[in-house]
$ cat my_file38.txt   # compact mmCIF, C-alpha atoms
# COMPACT_ATOMS: atom_id res chain seq x y z
CA MET A 232 -10.35 -0.31 8.44
CA LEU A 233 -10.27 2.66 6.09
CA VAL A 234 -7.93 2.93 3.09
CA THR A 235 -7.50 6.04 0.97
CA GLY A 236 -5.64 6.55 -2.28
CA GLU A 237 -5.84 5.91 -5.97
CA CYS A 238 -7.37 3.28 -8.19
CA VAL A 239 -5.54 2.69 -11.47
CA ALA A 240 -6.63 0.67 -14.49
CA ASP A 241 -3.56 -1.05 -15.92
CA ILE A 242 -4.07 -1.37 -19.68
CA VAL A 243 -1.66 -3.84 -21.29
CA GLN A 244 -1.12 -3.32 -25.02
CA GLU A 245 0.77 -5.94 -27.00
CA PRO A 246 1.20 -6.23 -30.79
CA GLY A 247 -1.46 -8.45 -32.36
CA LEU A 248 -3.49 -8.86 -29.16
CA ALA A 249 -6.54 -7.14 -27.75
CA ASP A 250 -5.91 -4.72 -24.88
CA ARG A 251 -6.03 -6.35 -21.46
CA VAL A 252 -7.28 -4.28 -18.53
CA HIS A 253 -6.43 -5.11 -14.92
CA PRO A 254 -7.77 -3.28 -11.83
CA GLY A 255 -4.87 -1.87 -9.85
CA GLY A 256 -3.46 0.92 -7.74
CA SER A 257 -1.54 0.19 -4.55
CA PRO A 258 -4.14 1.44 -2.01
CA ALA A 259 -6.93 -0.27 -3.97
CA ASN A 260 -4.98 -3.53 -3.80
CA VAL A 261 -4.53 -3.15 -0.04
CA ALA A 262 -8.26 -2.54 0.48
CA TYR A 263 -9.04 -5.57 -1.69
CA GLY A 264 -6.55 -7.71 0.23
CA LEU A 265 -7.99 -6.68 3.61
CA ALA A 266 -11.52 -7.52 2.47
CA ARG A 267 -10.33 -10.90 1.18
CA LEU A 268 -8.94 -11.57 4.66
CA GLY A 269 -12.31 -10.91 6.23
CA HIS A 270 -11.93 -7.31 7.36
CA GLU A 271 -14.54 -4.58 6.96
CA ALA A 272 -12.61 -2.55 4.41
CA HIS A 273 -13.79 0.94 3.46
CA PHE A 274 -11.99 2.66 0.57
CA LEU A 275 -12.03 6.40 -0.15
CA THR A 276 -10.92 7.11 -3.71
CA GLN A 277 -11.76 8.76 -7.03
CA LEU A 278 -13.39 6.85 -9.86
CA GLY A 279 -14.65 8.25 -13.13
CA ASP A 280 -18.13 7.53 -14.45
CA ASP A 281 -16.64 5.46 -17.25
CA ARG A 282 -15.96 1.88 -18.31
CA LEU A 283 -12.69 1.64 -16.38
CA GLY A 284 -14.32 3.00 -13.25
CA GLU A 285 -17.10 0.43 -13.51
CA LEU A 286 -14.58 -2.39 -13.92
CA ILE A 287 -12.55 -1.34 -10.87
CA ALA A 288 -15.63 -0.76 -8.71
CA ALA A 289 -17.01 -4.21 -9.57
CA HIS A 290 -13.63 -5.80 -8.77
CA LEU A 291 -13.40 -4.14 -5.35
CA ARG A 292 -17.01 -4.83 -4.42
CA SER A 293 -16.60 -8.48 -5.38
CA ALA A 294 -14.37 -8.86 -2.31
CA GLY A 295 -16.69 -6.83 -0.09
CA VAL A 296 -14.89 -3.48 -0.18
CA VAL A 297 -17.19 -0.54 0.66
CA LEU A 298 -16.45 2.31 -1.76
CA HIS A 299 -16.56 6.02 -0.93
CA THR A 300 -15.77 8.72 -3.49
CA ASP A 301 -15.63 12.51 -3.42
CA GLY A 302 -18.33 12.61 -6.08
CA PRO A 303 -17.02 14.78 -8.96
CA GLU A 304 -18.42 13.65 -12.29
CA ASP A 305 -15.73 15.29 -14.41
CA VAL A 306 -12.81 13.00 -13.46
CA ARG A 307 -11.43 10.18 -15.58
CA THR A 308 -10.53 6.91 -13.93
CA PRO A 309 -6.71 6.93 -13.66
CA SER A 310 -4.94 4.58 -16.03
CA ALA A 311 -1.47 3.32 -16.81
CA VAL A 312 -0.87 1.97 -20.30
CA VAL A 313 1.78 -0.72 -20.51
CA HIS A 314 3.09 -0.95 -24.08
CA LEU A 315 4.82 -4.29 -24.73
CA ASP A 316 6.92 -4.64 -27.86
CA SER A 317 7.52 -7.89 -29.75
CA ALA A 318 10.46 -8.69 -27.46
CA GLY A 319 8.37 -8.17 -24.34
CA SER A 320 10.03 -4.92 -23.32
CA ALA A 321 7.64 -2.55 -21.57
CA ARG A 322 7.09 1.18 -21.98
CA TYR A 323 4.67 2.98 -19.67
CA SER A 324 2.47 6.02 -20.08
CA PHE A 325 0.22 7.45 -17.39
CA ASP A 326 -3.10 9.28 -17.43
CA ILE A 327 -3.44 10.04 -13.74
CA ALA A 328 -4.84 13.04 -11.93
CA TRP A 329 -5.53 13.12 -8.20
CA THR A 330 -7.83 15.88 -7.02
CA LEU A 331 -9.52 14.24 -4.02
CA ARG A 332 -11.69 16.68 -2.06
CA GLU A 333 -12.55 16.53 1.62
CA THR A 334 -15.19 13.83 1.97
CA PRO A 335 -17.11 12.46 4.97
CA VAL A 336 -15.97 8.99 5.99
CA PRO A 337 -17.60 6.47 8.33
CA ASP A 338 -17.05 7.04 12.04
CA GLY A 339 -15.36 4.46 14.21
CA ARG A 340 -12.49 3.51 11.89
CA ARG A 341 -9.64 2.29 14.12
CA HIS A 342 -7.06 2.31 11.38
CA LEU A 343 -6.28 4.35 8.25
CA HIS A 344 -3.97 3.19 5.48
CA LEU A 345 -2.71 5.68 2.89
CA GLY A 346 -0.20 5.59 0.17
CA SER A 347 1.35 5.82 -3.22
CA ILE A 348 0.14 8.36 -5.76
CA GLY A 349 -2.70 9.43 -3.47
CA ALA A 350 -0.25 10.61 -0.84
CA ALA A 351 2.18 12.21 -3.30
CA VAL A 352 0.32 13.96 -6.13
CA GLN A 353 -1.30 17.34 -5.46
CA PRO A 354 -3.84 18.65 -4.86
CA GLY A 355 -5.34 15.40 -3.55
CA ALA A 356 -2.32 14.54 -1.40
CA THR A 357 -3.12 17.49 0.87
CA THR A 358 -6.61 16.05 1.44
CA VAL A 359 -5.14 12.64 2.28
CA LEU A 360 -2.71 14.06 4.83
CA ALA A 361 -5.45 16.20 6.38
CA LEU A 362 -7.54 13.04 6.82
CA ALA A 363 -4.63 11.36 8.59
CA GLU A 364 -4.30 14.32 10.95
CA LYS A 365 -8.04 14.28 11.63
CA LEU A 366 -8.21 10.55 12.40
CA ARG A 367 -4.94 10.18 14.32
CA PRO A 368 -6.55 10.82 17.76
CA THR A 369 -8.67 7.68 17.33
CA ALA A 370 -6.89 5.61 14.68
CA THR A 371 -3.47 4.23 13.94
CA ILE A 372 -2.03 5.17 10.55
CA SER A 373 -0.05 3.08 8.05
CA TYR A 374 1.70 4.33 4.93
CA ASP A 375 3.36 2.86 1.85
CA PRO A 376 5.10 5.38 -0.45
CA ASN A 377 5.17 2.86 -3.34
CA VAL A 378 7.24 5.36 -5.31
CA ARG A 379 6.39 6.04 -8.95
CA PRO A 380 9.26 8.27 -10.14
CA ALA A 381 7.45 9.43 -13.29
CA LEU A 382 4.71 10.97 -11.13
CA MET A 383 6.69 12.22 -8.14
CA GLY A 384 7.86 15.54 -9.60
CA ASP A 385 10.89 17.31 -8.14
CA HIS A 386 12.99 14.85 -6.13
CA ALA A 387 13.54 17.09 -3.11
CA ASP A 388 9.84 17.96 -2.94
CA ALA A 389 8.93 14.28 -3.23
CA VAL A 390 11.26 13.32 -0.38
CA ALA A 391 9.81 16.07 1.80
CA GLN A 392 6.25 14.84 1.11
CA VAL A 393 7.19 11.23 1.90
CA GLU A 394 8.80 12.34 5.15
CA ARG A 395 5.66 14.29 6.12
CA CYS A 396 3.60 11.13 5.62
CA VAL A 397 6.13 9.05 7.56
CA ALA A 398 5.92 11.49 10.48
CA HIS A 399 2.12 11.06 10.61
CA SER A 400 2.29 7.26 10.57
CA ASP A 401 2.56 4.44 13.10
CA VAL A 402 3.49 1.77 10.55
CA VAL A 403 5.48 2.40 7.36
CA LYS A 404 6.22 -0.16 4.66
CA ALA A 405 8.62 0.62 1.82
CA SER A 406 10.49 -1.44 -0.74
CA ASP A 407 14.23 -1.37 -1.31
CA GLU A 408 13.52 0.21 -4.71
CA ASP A 409 11.45 2.98 -3.08
CA LEU A 410 14.26 3.81 -0.69
CA SER A 411 16.98 3.65 -3.35
CA TRP A 412 15.11 6.34 -5.30
CA LEU A 413 14.35 8.47 -2.26
CA TYR A 414 17.82 8.22 -0.68
CA PRO A 415 20.35 7.12 -3.32
CA GLY A 416 23.35 5.31 -1.90
CA ARG A 417 22.12 5.11 1.70
CA PRO A 418 22.00 1.71 3.41
CA LEU A 419 18.47 0.45 4.00
CA GLU A 420 19.18 -0.19 7.67
CA SER A 421 20.20 3.44 8.14
CA ILE A 422 16.93 4.72 6.68
CA ALA A 423 14.86 2.30 8.77
CA GLU A 424 16.71 3.43 11.89
CA GLN A 425 16.17 7.10 11.07
CA TRP A 426 12.43 6.64 10.66
CA ALA A 427 11.91 4.27 13.60
CA THR A 428 13.87 6.32 16.12
CA ALA A 429 12.49 9.75 15.22
CA GLU A 430 10.75 11.64 18.04
CA SER A 431 7.48 11.50 16.11
CA GLY A 432 6.69 8.95 13.49
CA PRO A 433 6.36 5.22 13.02
CA ALA A 434 6.65 2.64 15.77
CA LEU A 435 7.27 0.02 13.09
CA VAL A 436 9.19 0.30 9.81
CA LEU A 437 9.08 -2.57 7.32
CA ILE A 438 11.36 -2.83 4.30
CA THR A 439 10.71 -5.42 1.60
CA ARG A 440 13.70 -6.65 -0.39
CA GLY A 441 12.23 -9.03 -2.96
CA ALA A 442 13.88 -12.43 -2.91
CA GLU A 443 16.07 -11.32 0.00
CA GLY A 444 13.08 -11.12 2.33
CA ALA A 445 12.01 -8.32 4.63
CA LEU A 446 13.48 -6.27 7.44
CA ALA A 447 11.47 -4.87 10.36
CA ARG A 448 12.75 -2.11 12.61
CA THR A 449 11.36 -0.61 15.81
CA ALA A 450 13.09 1.86 18.11
CA THR A 451 14.82 -1.04 19.88
CA LEU A 452 14.57 -4.13 17.64
CA THR A 453 15.64 -5.30 14.21
CA VAL A 454 14.12 -8.52 12.88
CA GLU A 455 14.61 -10.09 9.46
CA GLN A 456 12.26 -12.46 7.65
CA PRO A 457 13.33 -14.58 4.65
CA SER A 458 11.10 -14.77 1.62
CA ALA A 459 8.84 -17.80 1.54
CA PRO A 460 9.98 -20.45 -0.97
CA VAL A 461 7.63 -20.19 -3.92
CA GLU A 462 7.63 -20.47 -7.69
CA VAL A 463 7.12 -16.90 -8.87
CA VAL A 464 4.61 -16.27 -11.66
CA ASP A 465 4.83 -12.48 -11.38
CA THR A 466 5.39 -9.92 -8.64
CA VAL A 467 2.38 -7.70 -9.38
CA GLY A 468 0.75 -6.65 -6.10
CA ALA A 469 3.29 -8.45 -3.91
CA GLY A 470 4.08 -5.39 -1.79
CA ASP A 471 0.40 -4.59 -1.37
CA ALA A 472 -0.33 -8.16 -0.24
CA PHE A 473 2.57 -7.84 2.21
CA MET A 474 0.90 -4.69 3.56
CA SER A 475 -2.56 -6.22 3.93
CA GLY A 476 -1.01 -9.28 5.57
CA THR A 477 0.82 -7.01 7.99
CA LEU A 478 -2.33 -5.11 8.95
CA HIS A 479 -4.27 -8.36 9.32
CA ALA A 480 -1.69 -9.73 11.76
CA LEU A 481 -1.40 -6.47 13.72
CA ASP A 482 -5.17 -6.31 14.06
CA GLY A 483 -5.33 -9.91 15.21
CA ALA A 484 -2.74 -9.10 17.88
CA GLY A 485 -4.79 -6.12 19.12
CA LEU A 486 -2.22 -3.60 17.92
CA LEU A 487 -4.36 -1.28 15.79
CA GLY A 488 -6.34 1.74 16.96
CA ALA A 489 -5.12 4.77 18.90
CA ALA A 490 -5.70 3.00 22.22
CA ALA A 491 -3.14 0.36 21.15
CA ARG A 492 -0.45 2.85 20.16
CA GLY A 493 1.56 2.24 23.32
CA ARG A 494 1.50 -1.55 22.81
CA LEU A 495 2.51 -1.10 19.19
CA ALA A 496 5.50 0.96 20.28
CA ALA A 497 6.50 -1.82 22.69
CA LEU A 498 6.43 -4.67 20.16
CA ASP A 499 8.48 -7.66 21.26
CA ALA A 500 10.52 -9.84 18.91
CA ALA A 501 8.11 -12.80 19.01
CA THR A 502 5.12 -10.68 18.01
CA LEU A 503 7.14 -8.95 15.31
CA ARG A 504 8.15 -12.30 13.82
CA HIS A 505 4.49 -13.37 13.92
CA VAL A 506 3.54 -10.27 11.93
CA LEU A 507 6.35 -10.78 9.43
CA ARG A 508 5.39 -14.42 8.84
CA HIS A 509 1.84 -13.38 7.95
CA ALA A 510 3.08 -10.58 5.67
CA ALA A 511 5.57 -12.82 3.88
CA ALA A 512 3.02 -15.62 3.43
CA SER A 513 0.48 -13.18 1.99
CA ALA A 514 3.04 -11.92 -0.53
CA ALA A 515 4.11 -15.47 -1.39
CA VAL A 516 0.57 -16.52 -2.31
CA THR A 517 0.25 -13.43 -4.50
CA VAL A 518 3.46 -13.97 -6.48
CA SER A 519 2.55 -17.62 -7.05
CA ARG A 520 -0.24 -16.59 -9.43
CA ALA A 521 -0.79 -13.94 -12.07
CA GLY A 522 -1.78 -10.37 -11.22
CA ALA A 523 -2.60 -8.62 -7.96
CA ASN A 524 -4.53 -11.58 -6.54
CA PRO A 525 -4.00 -11.67 -2.76
CA PRO A 526 -5.04 -14.59 -0.57
CA ASP A 527 -8.26 -15.08 1.29
CA LEU A 528 -8.08 -16.10 4.94
CA ALA A 529 -8.03 -19.84 4.25
CA GLU A 530 -5.23 -19.47 1.69
CA LEU A 531 -3.18 -17.30 4.03
CA THR A 532 -3.60 -19.76 6.89
CA ALA A 533 -2.52 -22.65 4.66
CA ALA A 534 0.55 -20.70 3.48
CA LEU A 535 1.84 -19.87 6.96
CA PRO A 536 5.00 -21.79 7.90
CA ARG A 537 4.52 -24.50 10.47
CA ALA A 538 5.70 -23.54 13.96
$ encode --input "my_file38.txt" --output "structure tokens"
Amino acid sequence: MLVTGECVADIVQEPGLADRVHPGGSPANVAYGLARLGHEAHFLTQLGDDRLGELIAAHLRSAGVVLHTDGPEDVRTPSAVVHLDSAGSARYSFDIAWTLRETPVPDGRRHLHLGSIGAAVQPGATTVLALAEKLRPTATISYDPNVRPALMGDHADAVAQVERCVAHSDVVKASDEDLSWLYPGRPLESIAEQWATAESGPALVLITRGAEGALARTATLTVEQPSAPVEVVDTVGAGDAFMSGTLHALDGAGLLGAAARGRLAALDAATLRHVLRHAAASAAVTVSRAGANPPDLAELTAALPRA
């Protein structure tokens, strides 16, 4: 599989403590999660020739992710500084630019995942969408908007860009918070129906709702999945683990790749529940421990509910 989008170094600053740096970025987390589950994961991104870039690259390669970059030496590795005060309240500041240029990628990729800042922030977002158009004849496409309001710019423009990405995709995953920002006041089920029943666009729409579980919508089916019972340590990377778990299950069911597009569009309820169980279990393992730390295949298998 091929993933494209941003890497972000999350730098946590807290009074009296040394800075803590965590590799992050939604697409990077998805690529990492896929590699942990045993997939050949290629990741097209931008990384600076700096300390943060080295840290993120080492993290991704430790799971077996194959990195591809567009090569410019004058970029800084994107970062998000999390300022924690003495009461634990957080304030965020971003140093993120996304200027991805057209870059050769390995042939034979049956699936492309894109998302978040990489699919929203120009000029790189245009490159990402062009890659999706180029690969669509041979690959299925998945997309997670993973909205970051501080970086999305004008609201109407942001919604239009998200809808362009949705129209290019076969599978879309969004959180309830994403959709509340994009479409204030609209019921989640209405948005899922709009996307899943459009003439062009996703065969499968997934909406995560935190402790309330997830909702899946196709043109003809709606299926809900409760959250797995788990003691939550933190929710960092939960949505990304849900996404990698989804893609893992779809691939295992033979539902990725352009040749499978018709079967994906005809998903039955049993297969959809199978996919949701894997996605929910992947997220549950991740929230049970600190940071964006998705399961490997053995951990995911152990976390799946007994039939």
$ closest_atom_pairs --input "my_file38.txt" --of "stretch 460-496 of chain A" --to "stretch 338-357 of chain A" --cutoff "12 Å" --atoms "all atoms listed in the file" --output "tab-separated table"
residue	atom	partner	partner_atom	distance
A:Gly470	CA	A:Ser347	CA	11.6
A:Asp471	CA	A:Gly346	CA	10.3
A:Met474	CA	A:His344	CA	9.5
A:Ser475	CA	A:His344	CA	9.6
A:Thr477	CA	A:His344	CA	11.5
A:Leu478	CA	A:His342	CA	9.1
A:His479	CA	A:His342	CA	11.2
A:Leu481	CA	A:His342	CA	10.7
A:Asp482	CA	A:His342	CA	9.2
A:Gly485	CA	A:Arg341	CA	10.9
A:Leu486	CA	A:His342	CA	10.1
A:Leu487	CA	A:His342	CA	6.3
A:Gly488	CA	A:Arg341	CA	4.4
A:Ala489	CA	A:Arg341	CA	7.0
A:Ala490	CA	A:Arg341	CA	9.0
A:Ala491	CA	A:Arg341	CA	9.8
A:Arg492	CA	A:His342	CA	11.0
$ atom_distance --input "my_file38.txt" --atom1 "atom CA of A:Ala328" --atom2 "atom CA of A:Leu275"
15.3 Å
$ atom_distance --input "my_file38.txt" --atom1 "atom CA of A:Asn260" --atom2 "atom CA of A:Thr276"
12.2 Å
$ atom_distance --input "my_file38.txt" --atom1 "atom CA of A:Tyr414" --atom2 "atom CA of A:Gly264"
29.1 Å
$ closest_residue --input "my_file38.txt" --among "A:Ile242, A:Leu419, A:Ala442, A:Ala389" --to "A:Pro376" --atoms "only C-alpha atoms"
A:Ala389
